[in-house]
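S.K.: File follows, model.tsv with TSV, C-alpha atoms:
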```tsv
chain	number	residue	atom	x	y	z
A	1	MET	CA	19.97	1.71	-40.50
A	2	GLN	CA	21.53	5.11	-41.26
A	3	ILE	CA	20.86	7.66	-38.53
A	4	ILE	CA	21.53	11.39	-38.16
A	5	GLN	CA	21.98	12.81	-34.67
A	6	PRO	CA	20.90	16.43	-35.19
A	7	HIS	CA	21.70	17.80	-31.71
A	8	TYR	CA	24.82	16.47	-30.02
A	9	HIS	CA	27.45	18.17	-27.85
A	10	ALA	CA	30.51	16.26	-28.98
A	11	ILE	CA	33.13	18.26	-27.10
A	12	ALA	CA	31.64	17.02	-23.83
A	13	ARG	CA	31.91	13.39	-24.92
A	14	THR	CA	34.69	10.88	-25.42
A	15	ALA	CA	35.74	9.26	-28.69
A	16	GLN	CA	34.03	6.08	-27.50
A	17	ASP	CA	30.70	7.81	-28.25
A	18	TYR	CA	31.77	8.36	-31.84
A	19	GLU	CA	32.93	4.78	-32.18
A	20	ARG	CA	29.70	3.34	-30.76
A	21	MET	CA	27.55	5.76	-32.74
A	22	ALA	CA	29.34	4.80	-35.94
A	23	MET	CA	28.81	1.12	-35.15
A	24	SER	CA	25.08	1.79	-34.65
A	25	GLY	CA	24.63	3.53	-38.00
A	26	VAL	CA	25.11	7.22	-37.18
A	27	VAL	CA	26.48	8.97	-40.28
A	28	ALA	CA	26.34	12.61	-39.14
A	29	VAL	CA	26.00	14.74	-36.01
A	30	ALA	CA	25.24	18.44	-35.65
A	31	GLU	CA	26.66	20.28	-32.65
A	32	PRO	CA	24.97	23.46	-31.42
A	33	ALA	CA	26.89	25.88	-29.23
A	34	PHE	CA	26.12	25.12	-25.61
A	35	TRP	CA	26.53	26.38	-22.05
A	36	ALA	CA	29.86	25.34	-20.54
A	37	GLY	CA	28.47	24.78	-17.04
A	38	PHE	CA	29.65	28.25	-15.99
A	39	ASP	CA	29.14	31.71	-17.49
A	40	ARG	CA	31.99	32.66	-19.82
A	41	LEU	CA	33.41	36.15	-19.34
A	42	TYR	CA	35.27	36.94	-22.55
A	43	PRO	CA	34.28	37.05	-26.22
A	44	GLU	CA	37.50	35.24	-27.07
A	45	THR	CA	36.40	32.26	-24.99
A	46	PHE	CA	33.37	31.88	-27.27
A	47	LEU	CA	35.44	32.32	-30.38
A	48	ASP	CA	37.85	29.56	-29.41
A	49	TYR	CA	34.87	27.37	-28.55
A	50	PHE	CA	33.37	28.05	-31.98
A	51	ARG	CA	36.74	27.19	-33.56
A	52	GLN	CA	36.78	23.96	-31.62
A	53	ILE	CA	33.34	22.86	-32.87
A	54	SER	CA	33.79	24.13	-36.43
A	55	GLU	CA	37.44	23.19	-37.07
A	56	PHE	CA	38.68	20.51	-34.68
A	57	GLU	CA	35.58	18.46	-33.92
A	58	PRO	CA	34.92	17.53	-37.60
A	59	THR	CA	38.39	15.94	-37.70
A	60	ARG	CA	37.68	13.90	-34.55
A	61	ALA	CA	34.35	12.67	-35.94
A	62	ALA	CA	35.91	11.89	-39.32
A	63	GLN	CA	38.13	9.26	-37.70
A	64	TYR	CA	34.95	7.24	-37.22
A	65	GLY	CA	33.41	8.04	-40.59
A	66	ILE	CA	30.92	10.48	-39.08
A	67	ARG	CA	30.24	13.89	-40.65
A	68	HIS	CA	30.25	16.69	-38.07
A	69	PHE	CA	28.36	19.99	-38.47
A	70	SER	CA	27.94	22.84	-35.97
A	71	TRP	CA	26.05	25.98	-34.99
A	72	VAL	CA	27.15	29.16	-33.22
A	73	ALA	CA	25.36	31.08	-30.45
A	74	VAL	CA	25.64	32.70	-27.07
A	75	ASN	CA	23.71	30.37	-24.79
A	76	PRO	CA	20.51	31.76	-23.25
A	77	LYS	CA	21.99	31.21	-19.79
A	78	GLU	CA	24.70	33.75	-20.68
A	79	ALA	CA	22.40	36.33	-22.24
A	80	GLU	CA	22.31	38.47	-19.08
A	81	ASN	CA	25.50	40.11	-20.30
A	82	PRO	CA	24.29	42.09	-23.35
A	83	VAL	CA	27.68	43.66	-24.02
A	84	LEU	CA	29.32	40.26	-24.23
A	85	THR	CA	26.48	38.96	-26.40
A	86	ARG	CA	26.88	41.84	-28.87
A	87	GLU	CA	30.64	41.38	-29.06
A	88	VAL	CA	30.28	37.67	-29.81
A	89	LEU	CA	27.46	38.21	-32.32
A	90	ALA	CA	29.71	40.56	-34.29
A	91	HIS	CA	31.99	37.59	-35.07
A	92	PHE	CA	29.24	35.24	-36.30
A	93	PRO	CA	29.75	36.00	-40.02
A	94	GLU	CA	33.33	34.66	-39.79
A	95	PHE	CA	31.91	31.34	-38.69
A	96	PHE	CA	29.02	31.34	-41.17
A	97	ALA	CA	31.79	31.14	-43.79
A	98	LYS	CA	33.16	27.88	-42.34
A	99	PRO	CA	32.33	24.79	-44.43
A	100	THR	CA	30.47	22.92	-41.68
A	101	VAL	CA	28.62	25.70	-39.79
A	102	LEU	CA	24.88	25.43	-40.46
A	103	GLY	CA	23.45	28.40	-38.61
A	104	VAL	CA	22.66	30.06	-35.29
A	105	GLY	CA	21.93	27.91	-32.27
A	106	GLU	CA	21.18	27.02	-29.71
A	107	THR	CA	19.77	30.43	-28.91
A	108	GLY	CA	16.46	30.66	-27.06
A	109	LEU	CA	15.27	31.20	-23.52
A	110	HIS	CA	16.19	29.90	-20.09
A	111	LYS	CA	14.31	32.09	-17.61
A	112	SER	CA	12.61	34.25	-20.24
A	113	THR	CA	14.09	37.52	-18.97
A	114	LYS	CA	14.12	40.77	-20.96
A	115	ASN	CA	17.81	40.33	-21.78
A	116	GLU	CA	17.25	36.76	-22.93
A	117	CYS	CA	14.38	37.83	-25.21
A	118	GLU	CA	16.52	40.61	-26.70
A	119	SER	CA	19.39	38.19	-27.22
A	120	LEU	CA	17.07	35.70	-28.93
A	121	GLU	CA	15.79	38.43	-31.24
A	122	ALA	CA	19.33	39.56	-32.09
A	123	HIS	CA	20.39	35.96	-32.82
A	124	VAL	CA	17.42	35.35	-35.12
A	125	GLU	CA	17.95	38.69	-36.86
A	126	ILE	CA	21.58	37.98	-37.71
A	127	ALA	CA	20.67	34.47	-38.87
A	128	MET	CA	17.99	35.75	-41.21
A	129	LYS	CA	20.24	38.53	-42.49
A	130	HIS	CA	22.88	35.98	-43.46
A	131	GLY	CA	20.51	33.27	-44.72
A	132	GLN	CA	21.28	30.89	-41.85
A	133	LEU	CA	19.19	28.23	-40.13
A	134	VAL	CA	18.08	28.79	-36.52
A	135	LEU	CA	17.97	26.33	-33.61
A	136	ILE	CA	16.04	27.52	-30.56
A	137	HIS	CA	16.34	26.07	-27.07
A	138	THR	CA	13.21	26.10	-24.91
A	139	PRO	CA	13.45	26.05	-21.11
A	140	HIS	CA	13.42	22.93	-18.99
A	141	LEU	CA	10.89	21.60	-16.50
A	142	GLY	CA	8.71	24.23	-14.81
A	143	ASP	CA	9.49	27.06	-17.23
A	144	LYS	CA	8.81	24.97	-20.34
A	145	ALA	CA	5.28	26.13	-21.24
A	146	HIS	CA	5.81	29.80	-20.39
A	147	GLY	CA	9.22	29.94	-22.08
A	148	THR	CA	7.93	28.32	-25.25
A	149	ARG	CA	5.05	30.81	-25.40
A	150	ARG	CA	7.55	33.65	-25.06
A	151	VAL	CA	9.71	32.18	-27.85
A	152	LEU	CA	6.66	32.07	-30.13
A	153	GLU	CA	5.76	35.65	-29.17
A	154	VAL	CA	9.26	36.93	-29.93
A	155	LEU	CA	9.35	35.11	-33.28
A	156	ALA	CA	5.84	36.26	-34.20
A	157	GLY	CA	7.05	39.85	-34.23
A	158	MET	CA	9.87	39.12	-36.67
A	159	ASN	CA	10.13	38.75	-40.42
A	160	ILE	CA	11.38	35.17	-40.66
A	161	ASP	CA	11.08	32.06	-42.78
A	162	ARG	CA	9.50	29.69	-40.27
A	163	GLU	CA	10.55	26.56	-42.16
A	164	ARG	CA	14.17	27.50	-41.41
A	165	VAL	CA	13.58	27.63	-37.65
A	166	TRP	CA	13.74	24.58	-35.37
A	167	ILE	CA	12.24	24.91	-31.88
A	168	ASP	CA	13.86	22.24	-29.74
A	169	HIS	CA	13.03	20.33	-26.56
A	170	VAL	CA	9.27	20.39	-27.19
A	171	GLU	CA	7.11	18.09	-25.10
A	172	GLU	CA	3.45	17.14	-25.00
A	173	GLN	CA	2.32	20.53	-23.68
A	174	THR	CA	4.30	22.61	-26.19
A	175	ILE	CA	4.49	20.69	-29.49
A	176	LYS	CA	1.15	21.73	-30.99
A	177	PRO	CA	1.51	25.53	-30.98
A	178	CYS	CA	5.01	25.24	-32.47
A	179	LEU	CA	3.89	22.94	-35.29
A	180	ASP	CA	0.72	24.96	-35.87
A	181	ALA	CA	2.85	28.10	-36.29
A	182	GLY	CA	4.84	26.42	-39.06
A	183	TYR	CA	8.16	25.75	-37.31
A	184	TRP	CA	10.17	22.54	-37.17
A	185	VAL	CA	10.24	20.99	-33.70
A	186	GLY	CA	12.69	18.72	-31.89
A	187	PHE	CA	12.24	16.05	-29.22
A	188	THR	CA	15.26	15.83	-26.94
A	189	LEU	CA	15.60	12.45	-25.28
A	190	TYR	CA	17.16	12.48	-21.82
A	191	PRO	CA	17.27	9.64	-19.31
A	192	ILE	CA	15.28	11.63	-16.73
A	193	THR	CA	14.65	15.33	-17.26
A	194	LYS	CA	13.35	15.74	-20.79
A	195	CYS	CA	11.38	13.57	-23.18
A	196	SER	CA	11.68	9.78	-23.10
A	197	PRO	CA	11.96	7.49	-26.14
A	198	LYS	CA	8.46	6.06	-25.58
A	199	ARG	CA	6.86	9.49	-25.17
A	200	ALA	CA	8.62	10.65	-28.33
A	201	VAL	CA	7.11	7.77	-30.29
A	202	ASP	CA	3.70	8.57	-28.78
A	203	MET	CA	4.00	12.11	-30.16
A	204	LEU	CA	5.16	10.86	-33.57
A	205	GLU	CA	2.06	8.66	-33.69
A	206	LYS	CA	-0.21	11.49	-32.57
A	207	TYR	CA	1.15	14.36	-34.67
A	208	GLY	CA	2.68	12.55	-37.64
A	209	THR	CA	6.31	12.75	-38.68
A	210	GLY	CA	6.41	15.97	-40.68
A	211	ARG	CA	8.72	18.76	-39.43
A	212	ILE	CA	9.89	16.68	-36.45
A	213	LEU	CA	13.52	16.03	-35.47
A	214	VAL	CA	14.51	13.57	-32.75
A	215	ASN	CA	17.81	13.94	-30.90
A	216	SER	CA	19.49	13.02	-27.66
A	217	SER	CA	21.50	16.19	-27.11
A	218	ALA	CA	24.12	14.30	-25.15
A	219	ASP	CA	26.26	16.74	-23.17
A	220	TRP	CA	28.34	16.89	-19.99
A	221	GLY	CA	25.30	16.27	-17.75
A	222	PRO	CA	23.32	13.08	-17.19
A	223	SER	CA	22.59	12.17	-20.80
A	224	ASP	CA	23.07	9.34	-23.26
A	225	PRO	CA	23.41	9.59	-27.06
A	226	PHE	CA	21.88	6.15	-27.39
A	227	THR	CA	18.47	7.27	-26.20
A	228	LEU	CA	18.09	8.07	-29.91
A	229	GLN	CA	18.65	4.43	-30.84
A	230	GLU	CA	16.29	3.41	-28.01
A	231	CYS	CA	13.66	5.59	-29.65
A	232	ILE	CA	14.26	3.96	-33.04
A	233	LEU	CA	13.90	0.54	-31.42
A	234	GLU	CA	10.64	1.60	-29.75
A	235	PHE	CA	9.37	3.03	-33.05
A	236	ARG	CA	10.15	-0.19	-34.94
A	237	ARG	CA	8.84	-2.38	-32.10
A	238	ARG	CA	5.44	-0.73	-32.49
A	239	GLY	CA	5.29	-1.94	-36.07
A	240	HIS	CA	6.49	1.08	-38.04
A	241	THR	CA	8.43	0.13	-41.13
A	242	LEU	CA	12.13	0.59	-41.75
A	243	GLN	CA	11.40	3.27	-44.33
A	244	GLU	CA	9.16	5.12	-41.85
A	245	ALA	CA	12.02	5.03	-39.33
A	246	ILE	CA	14.44	6.32	-41.95
A	247	GLU	CA	12.04	9.17	-42.73
A	248	VAL	CA	12.11	10.33	-39.09
A	249	PHE	CA	15.66	9.57	-37.99
A	250	HIS	CA	17.58	10.23	-41.20
A	251	ASN	CA	15.51	11.96	-43.84
A	252	ASN	CA	13.89	14.61	-41.66
A	253	PRO	CA	17.30	15.90	-40.50
A	254	CYS	CA	18.36	15.91	-44.16
A	255	ARG	CA	15.28	17.96	-45.06
A	256	PHE	CA	15.73	20.55	-42.34
A	257	LEU	CA	19.51	20.82	-42.21
A	258	GLY	CA	19.76	20.43	-45.99
A	259	GLN	CA	18.15	23.86	-46.37
A	260	ASN	CA	21.72	24.96	-45.83
A	261	PRO	CA	23.58	23.59	-48.87
A	262	LYS	CA	26.62	22.78	-46.73
A	263	PHE	CA	24.61	19.86	-45.35
A	264	ASP	CA	24.76	17.68	-48.45
A	265	ILE	CA	23.54	14.33	-47.10
A	266	LYS	CA	20.39	13.46	-49.03
A	267	PRO	CA	17.23	11.57	-47.99
A	268	ILE	CA	17.41	7.87	-48.74
A	269	ARG	CA	14.92	5.16	-49.68
A	270	VAL	CA	15.24	1.43	-49.07
A	271	GLU	CA	14.47	-0.73	-52.12
A	272	MET	CA	14.67	-4.46	-52.73
A	273	ALA	CA	17.67	-5.26	-54.93
A	274	GLU	CA	17.13	-7.13	-58.19
A	275	GLU	CA	18.32	-10.73	-57.97
A	276	GLU	CA	21.49	-11.10	-59.98
A	277	PRO	CA	23.18	-14.32	-61.01
A	278	ALA	CA	26.09	-15.31	-58.79
A	279	CYS	CA	29.56	-14.56	-60.13
A	280	ARG	CA	31.50	-17.52	-61.48
B	1	MET	CA	20.57	8.32	6.48
B	2	LEU	CA	18.91	11.06	4.44
B	3	SER	CA	16.88	13.94	5.88
B	4	PRO	CA	13.27	14.37	4.66
B	5	GLU	CA	14.41	17.22	2.42
B	6	GLN	CA	17.26	15.13	1.00
B	7	VAL	CA	14.86	12.27	0.25
B	8	VAL	CA	12.66	14.55	-1.85
B	9	ASP	CA	15.51	16.44	-3.50
B	10	ALA	CA	17.42	13.29	-4.41
B	11	SER	CA	14.51	11.58	-6.09
B	12	PHE	CA	12.04	14.23	-7.24
B	13	LEU	CA	13.14	14.33	-10.89
B	14	GLU	CA	13.35	10.56	-11.13
B	15	ALA	CA	9.86	10.20	-9.61
B	16	ARG	CA	8.55	12.90	-11.95
B	17	HIS	CA	10.02	10.95	-14.87
B	18	MET	CA	8.39	7.70	-13.75
B	19	LEU	CA	5.00	9.34	-13.26
B	20	LEU	CA	5.20	10.92	-16.71
B	21	GLU	CA	5.91	7.47	-18.15
B	22	ILE	CA	2.79	6.14	-16.41
B	23	ALA	CA	0.74	9.08	-17.68
B	24	ALA	CA	2.02	8.41	-21.19
B	25	LEU	CA	1.18	4.71	-20.87
B	26	LEU	CA	-2.42	5.54	-19.93
B	27	ASP	CA	-2.69	8.05	-22.80
B	28	ARG	CA	-1.23	5.43	-25.16
B	29	TYR	CA	-3.78	2.87	-23.96
B	30	ASP	CA	-6.67	5.30	-24.48
B	31	ALA	CA	-5.41	6.09	-27.99
B	32	ALA	CA	-5.16	2.37	-28.80
B	33	VAL	CA	-8.69	1.77	-27.53
B	34	ALA	CA	-9.95	4.69	-29.61
B	35	ARG	CA	-8.24	3.26	-32.72
B	36	GLY	CA	-9.32	-0.34	-32.24
B	37	GLY	CA	-12.62	0.11	-30.43
B	38	GLU	CA	-11.83	-2.59	-27.86
B	39	ALA	CA	-10.46	-2.47	-24.31
B	40	GLY	CA	-8.14	-5.46	-24.78
B	41	SER	CA	-8.06	-8.96	-23.32
B	42	PRO	CA	-9.41	-9.65	-19.79
B	43	VAL	CA	-5.81	-10.06	-18.60
B	44	ALA	CA	-4.82	-6.68	-20.04
B	45	VAL	CA	-7.86	-5.04	-18.46
B	46	ALA	CA	-7.00	-6.61	-15.10
B	47	LYS	CA	-3.40	-5.34	-15.34
B	48	LEU	CA	-4.63	-1.86	-16.11
B	49	ALA	CA	-7.06	-2.01	-13.18
B	50	ALA	CA	-4.17	-3.02	-10.91
B	51	LEU	CA	-2.14	-0.04	-12.08
B	52	ARG	CA	-5.03	2.31	-11.39
B	53	GLN	CA	-5.56	0.72	-7.96
B	54	ALA	CA	-1.85	1.14	-7.23
B	55	LEU	CA	-1.98	4.81	-8.18
B	56	GLY	CA	-4.93	5.22	-5.82
B	57	ALA	CA	-3.04	3.48	-3.01
B	58	LEU	CA	-0.12	5.89	-3.39
B	59	ARG	CA	-2.41	8.80	-2.53
B	60	GLU	CA	-2.95	7.50	1.02
B	61	PRO	CA	-1.13	9.83	3.44
B	62	ALA	CA	-0.72	7.20	6.17
B	63	PRO	CA	-1.24	3.67	4.83
B	64	PRO	CA	-1.45	0.75	7.29
B	65	GLN	CA	1.59	-0.94	5.72
B	66	ASP	CA	4.54	0.17	3.59
B	67	ARG	CA	3.36	1.29	0.16
B	68	THR	CA	5.95	-0.89	-1.55
B	69	VAL	CA	4.67	-4.00	0.22
B	70	ALA	CA	1.07	-3.12	-0.62
B	71	LEU	CA	1.87	-2.66	-4.30
B	72	LEU	CA	3.90	-5.87	-4.54
B	73	GLU	CA	1.00	-7.79	-3.04
B	74	LEU	CA	-1.43	-6.07	-5.41
B	75	PHE	CA	0.67	-6.82	-8.50
B	76	ALA	CA	1.10	-10.46	-7.39
B	77	GLN	CA	-2.63	-10.92	-8.06
B	78	VAL	CA	-2.43	-10.17	-11.81
```
Could you spell out this file's structure in C-alpha cells?

M.R.:
Amino acid sequence: MQIIQPHYHAIARTAQDYERMAMSGVVAVAEPAFWAGFDRLYPETFLDYFRQISEFEPTRAAQYGIRHFSWVAVNPKEAENPVLTREVLAHFPEFFAKPTVLGVGETGLHKSTKNECESLEAHVEIAMKHGQLVLIHTPHLGDKAHGTRRVLEVLAGMNIDRERVWIDHVEEQTIKPCLDAGYWVGFTLYPITKCSPKRAVDMLEKYGTGRILVNSSADWGPSDPFTLQECILEFRRRGHTLQEAIEVFHNNPCRFLGQNPKFDIKPIRVEMAEEEPACR
Amino acid sequence: MLSPEQVVDASFLEARHMLLEIAALLDRYDAAVARGGEAGSPVAVAKLAALRQALGALREPAPPQDRTVALLELFAQV
C-alpha cells in the first residue's frame, strides 16, 4: 500500500529509516522545522538548517525513491527570543521559493507564553501573506488542552483560510474543537508520550476520516516512524478496507499538502484490473 | 536500587501510556456495545469483569500481597 508520512524529522534519522520506509510503501515524507534539543542563538543556524531540509534532505530521500518536502519555522520552544524570531522570519520568502518547501511549520505553542503567542501569530501572518500552508504544534502532556485552546484563540482573531491550517498532535480531549472550527488535525503516534496507533484508529472511527492526517513525527527522541504502519495494520485489522486505508494514509495527505501545487502526488483509487489474455 | 522518587520518575510516562490504553479499550468496548446492542460472549464479559476487578485492586494502598501476584492469580481464572 502507498503511504505518505506527513510529519517526519528526517535529519534526526539514519538512511536505514528511508530504506525500511520505502520497503513498506512510503512514497513521500514532509519534514517540518523542529527544535534541535537546545535553543539556537543565531539566525544563520536556522538558515543552514532550512537549507539542509530543503536542499540536501530531498537528495538523501531520493536515493530510496521517496519524495521529500519540508516546512520552515522557528520552533515554539525558541520563541522567547523575539529578535531572533523576527530575523529568521525575514528570510522565509527565500525558502518559500524552493521547489519542495510547502509552508510554515511547525509553529505553535509550547508553554503558551506571550512571546510564543506573538510568534505563532507572526508565523501565520507571513504564511497567509505568501499563500503558504501552516502546520501548528500543540503542547505535550499536561499543557495539551490549555495550549490547544490558546492556539484556537490566537487563530480566531486572524484572517485565515482554515482549510490551509493543520493543527497537529491532537488527542481525544482536543480533536473536536479543532475539527469543529474547520481546521485539519493530525494524530502524532509516539511509543509512549503522544497518541498510540490503537487510540488513533478509535478517533478515526469516532470522528470519521475527513480532515485528519496521521503521522509518527519520528525525531531524535524516543520515537519510531513505523508507528504509522502499526496504525495502518490496526485500521485494517478492524475490518476497514484497503481503499479506506488509502484515503486516510495516502489521499488525505495529498488533499491537504496538495493545496500547495508543489506537492503534486495525487489521490489514488484501487480498482480490479481487467483480465487480459496471457502473452504468447 | 532506585529511590521512591526515581521509581515514579522512571516509569510515570510509561504507566500513563498503559492506563490510557486501558481507558481507550474500555471506551472502544462501550462504543462496540452501543453499535451492536450486545455485551459480547460470556467469556468476553468475564474478561472485562476481571480487568475491572484488577483496576479496583490497584487502588488498594496497602494490599495483603504484592499487586502483581494478585493480578496474575485473578487473570488465571479467566

S.K.: Could you list, as a compact mmCIF listing (two decimals) with C-alpha atoms, keeping the file's coordinate frame, every residue of chain B that has an atom within 8 Å of an atom of chain A, counting only C-alpha atoms?

M.R.:
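Result went into selection34.txt, see below:
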```txt
# COMPACT_ATOMS: atom_id res chain seq x y z
CA LEU B 13 13.14 14.33 -10.89
CA GLU B 14 13.35 10.56 -11.13
CA HIS B 17 10.02 10.95 -14.87
CA GLU B 21 5.91 7.47 -18.15
CA ALA B 24 2.02 8.41 -21.19
CA ARG B 28 -1.23 5.43 -25.16
```

S.K.: State, in Å with one decimal place, the distance from atom CA of Tyr49 of chain A to atom CA of Glu94 of chain A.

M.R.: 13.5 Å

S.K.: Please provide as a list of chain:residue names all residues within 12 Å of Gly142 of chain A, with the sequence filter that same-chain residues fewer than 3 positions apart are discarded (counting all atoms listed in the file).

M.R.: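 The filter keeps A:His110, A:Lys111, A:Thr138, A:Pro139, A:Ala145, A:His146, A:Gly147, A:Thr148, A:Gln173, A:Thr193, A:Lys194, B:Leu13, B:Arg16.
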
S.K.: What does the file look like for those residues with C-alpha atoms, as a PDB file, keeping the file's coordinate frame?

M.R.:
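Produced file part24.pdb, reproduced below:
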```
ATOM      1  CA  HIS A 110      16.190  29.900 -20.090  1.00  0.00           C
ATOM      2  CA  LYS A 111      14.310  32.090 -17.610  1.00  0.00           C
ATOM      3  CA  THR A 138      13.210  26.100 -24.910  1.00  0.00           C
ATOM      4  CA  PRO A 139      13.450  26.050 -21.110  1.00  0.00           C
ATOM      5  CA  ALA A 145       5.280  26.130 -21.240  1.00  0.00           C
ATOM      6  CA  HIS A 146       5.810  29.800 -20.390  1.00  0.00           C
ATOM      7  CA  GLY A 147       9.220  29.940 -22.080  1.00  0.00           C
ATOM      8  CA  THR A 148       7.930  28.320 -25.250  1.00  0.00           C
ATOM      9  CA  GLN A 173       2.320  20.530 -23.680  1.00  0.00           C
ATOM     10  CA  THR A 193      14.650  15.330 -17.260  1.00  0.00           C
ATOM     11  CA  LYS A 194      13.350  15.740 -20.790  1.00  0.00           C
TER      12      LYS A 194
ATOM     13  CA  LEU B  13      13.140  14.330 -10.890  1.00  0.00           C
ATOM     14  CA  ARG B  16       8.550  12.900 -11.950  1.00  0.00           C
TER      15      ARG B  16
END
```

S.K.: Which residue is closest to Pro222 of chain A? Choose from A:Arg13, A:Ile175, A:Thr209, A:Gln2 and count all atoms listed in the file.

M.R.: A:Arg13

S.K.: Fewer than 3 positions away in the same chain doesn't count, so skip those; otherwise give me all residues within 10 Å of segment 243-252 of chain A, counting only C-alpha atoms, as a PyMOL selection string.

M.R.: chain A and resi 1-6+26-28+184+204+208-215+228-229+231-233+235-236+239-240+255-258+265-271

S.K.: With a distance cut-off of 12 Å and only C-alpha atoms, select the neighbouring residues of Ala122 of chain A, excluding the residue or stretch itself and same-chain residues fewer than 3 positions from it, and output the selection as a ChimeraX atom specification.

M.R.: /A:73-74,76,79,82,85-90,92,104-105,107-108,115-119,125-129,134,154-155,158

S.K.: Which of these residues is nearest to Leu20 of chain B, using only C-alpha atoms: A:Gly186, A:Lys114, A:Glu171, A:Met272?

M.R.: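 Looking only at the distances to Leu20 of chain B, the closest residue turns out to be A:Glu171.
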
S.K.: For Asp180 of chain A, which residue among A:Ile53, A:Leu102, A:Asp168, A:Arg162 is the nearest when counting all atoms listed in the file?

M.R.: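 Of A:Ile53, A:Leu102, A:Asp168, A:Arg162, the one nearest Asp180 of chain A is A:Arg162, counting all atoms listed in the file.
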
S.K.: Using all atoms listed in the file, pick whichever of A:Gly25, A:Gly157, A:Pro177, A:Pro225 has the shortest atom-to-atom distance to Tyr64 of chain A.

M.R.: A:Gly25

S.K.: With C-alpha atoms retained, output segment 1-53 of chain B as a PDB file, in the first residue's frame.

M.R.:
```pdb
ATOM      1  CA  MET B   1      18.241   0.087  43.798  1.00  0.00           C
ATOM      2  CA  LEU B   2      16.032   3.042  42.918  1.00  0.00           C
ATOM      3  CA  SER B   3      14.769   5.641  45.393  1.00  0.00           C
ATOM      4  CA  PRO B   4      10.978   6.160  45.677  1.00  0.00           C
ATOM      5  CA  GLU B   5      11.287   9.311  43.579  1.00  0.00           C
ATOM      6  CA  GLN B   6      13.335   7.507  40.933  1.00  0.00           C
ATOM      7  CA  VAL B   7      10.750   4.720  40.746  1.00  0.00           C
ATOM      8  CA  VAL B   8       7.999   7.211  39.955  1.00  0.00           C
ATOM      9  CA  ASP B   9      10.078   9.384  37.629  1.00  0.00           C
ATOM     10  CA  ALA B  10      11.421   6.436  35.654  1.00  0.00           C
ATOM     11  CA  SER B  11       8.042   4.903  34.965  1.00  0.00           C
ATOM     12  CA  PHE B  12       5.406   7.625  35.192  1.00  0.00           C
ATOM     13  CA  LEU B  13       5.065   8.260  31.451  1.00  0.00           C
ATOM     14  CA  GLU B  14       5.056   4.564  30.638  1.00  0.00           C
ATOM     15  CA  ALA B  15       2.371   3.913  33.278  1.00  0.00           C
ATOM     16  CA  ARG B  16       0.366   6.879  31.988  1.00  0.00           C
ATOM     17  CA  HIS B  17       0.589   5.385  28.493  1.00  0.00           C
ATOM     18  CA  MET B  18      -0.604   1.971  29.687  1.00  0.00           C
ATOM     19  CA  LEU B  19      -3.519   3.453  31.630  1.00  0.00           C
ATOM     20  CA  LEU B  20      -4.567   5.497  28.595  1.00  0.00           C
ATOM     21  CA  GLU B  21      -4.549   2.298  26.545  1.00  0.00           C
ATOM     22  CA  ILE B  22      -6.838   0.660  29.123  1.00  0.00           C
ATOM     23  CA  ALA B  23      -9.119   3.703  29.125  1.00  0.00           C
ATOM     24  CA  ALA B  24      -9.264   3.555  25.332  1.00  0.00           C
ATOM     25  CA  LEU B  25     -10.029  -0.172  25.433  1.00  0.00           C
ATOM     26  CA  LEU B  26     -12.995   0.437  27.753  1.00  0.00           C
ATOM     27  CA  ASP B  27     -14.241   3.304  25.557  1.00  0.00           C
ATOM     28  CA  ARG B  28     -13.839   1.070  22.495  1.00  0.00           C
ATOM     29  CA  TYR B  29     -15.838  -1.685  24.194  1.00  0.00           C
ATOM     30  CA  ASP B  30     -18.644   0.722  25.123  1.00  0.00           C
ATOM     31  CA  ALA B  31     -18.758   2.015  21.541  1.00  0.00           C
ATOM     32  CA  ALA B  32     -18.937  -1.543  20.196  1.00  0.00           C
ATOM     33  CA  VAL B  33     -21.756  -2.400  22.595  1.00  0.00           C
ATOM     34  CA  ALA B  34     -23.608   0.752  21.553  1.00  0.00           C
ATOM     35  CA  ARG B  35     -23.226  -0.197  17.872  1.00  0.00           C
ATOM     36  CA  GLY B  36     -24.154  -3.852  18.224  1.00  0.00           C
ATOM     37  CA  GLY B  37     -26.532  -3.737  21.174  1.00  0.00           C
ATOM     38  CA  GLU B  38     -24.919  -6.748  22.872  1.00  0.00           C
ATOM     39  CA  ALA B  39     -22.327  -7.079  25.631  1.00  0.00           C
ATOM     40  CA  GLY B  40     -20.438  -9.927  23.931  1.00  0.00           C
ATOM     41  CA  SER B  41     -19.919 -13.591  24.763  1.00  0.00           C
ATOM     42  CA  PRO B  42     -19.881 -14.793  28.412  1.00  0.00           C
ATOM     43  CA  VAL B  43     -16.109 -15.274  28.108  1.00  0.00           C
ATOM     44  CA  ALA B  44     -15.630 -11.707  26.878  1.00  0.00           C
ATOM     45  CA  VAL B  45     -17.812 -10.378  29.681  1.00  0.00           C
ATOM     46  CA  ALA B  46     -15.811 -12.375  32.236  1.00  0.00           C
ATOM     47  CA  LYS B  47     -12.522 -10.993  30.846  1.00  0.00           C
ATOM     48  CA  LEU B  48     -13.850  -7.471  31.069  1.00  0.00           C
ATOM     49  CA  ALA B  49     -15.010  -8.079  34.644  1.00  0.00           C
ATOM     50  CA  ALA B  50     -11.514  -9.329  35.509  1.00  0.00           C
ATOM     51  CA  LEU B  51      -9.984  -6.167  34.088  1.00  0.00           C
ATOM     52  CA  ARG B  52     -12.337  -4.005  36.124  1.00  0.00           C
ATOM     53  CA  GLN B  53     -11.594  -6.067  39.248  1.00  0.00           C
TER      54      GLN B  53
END
```
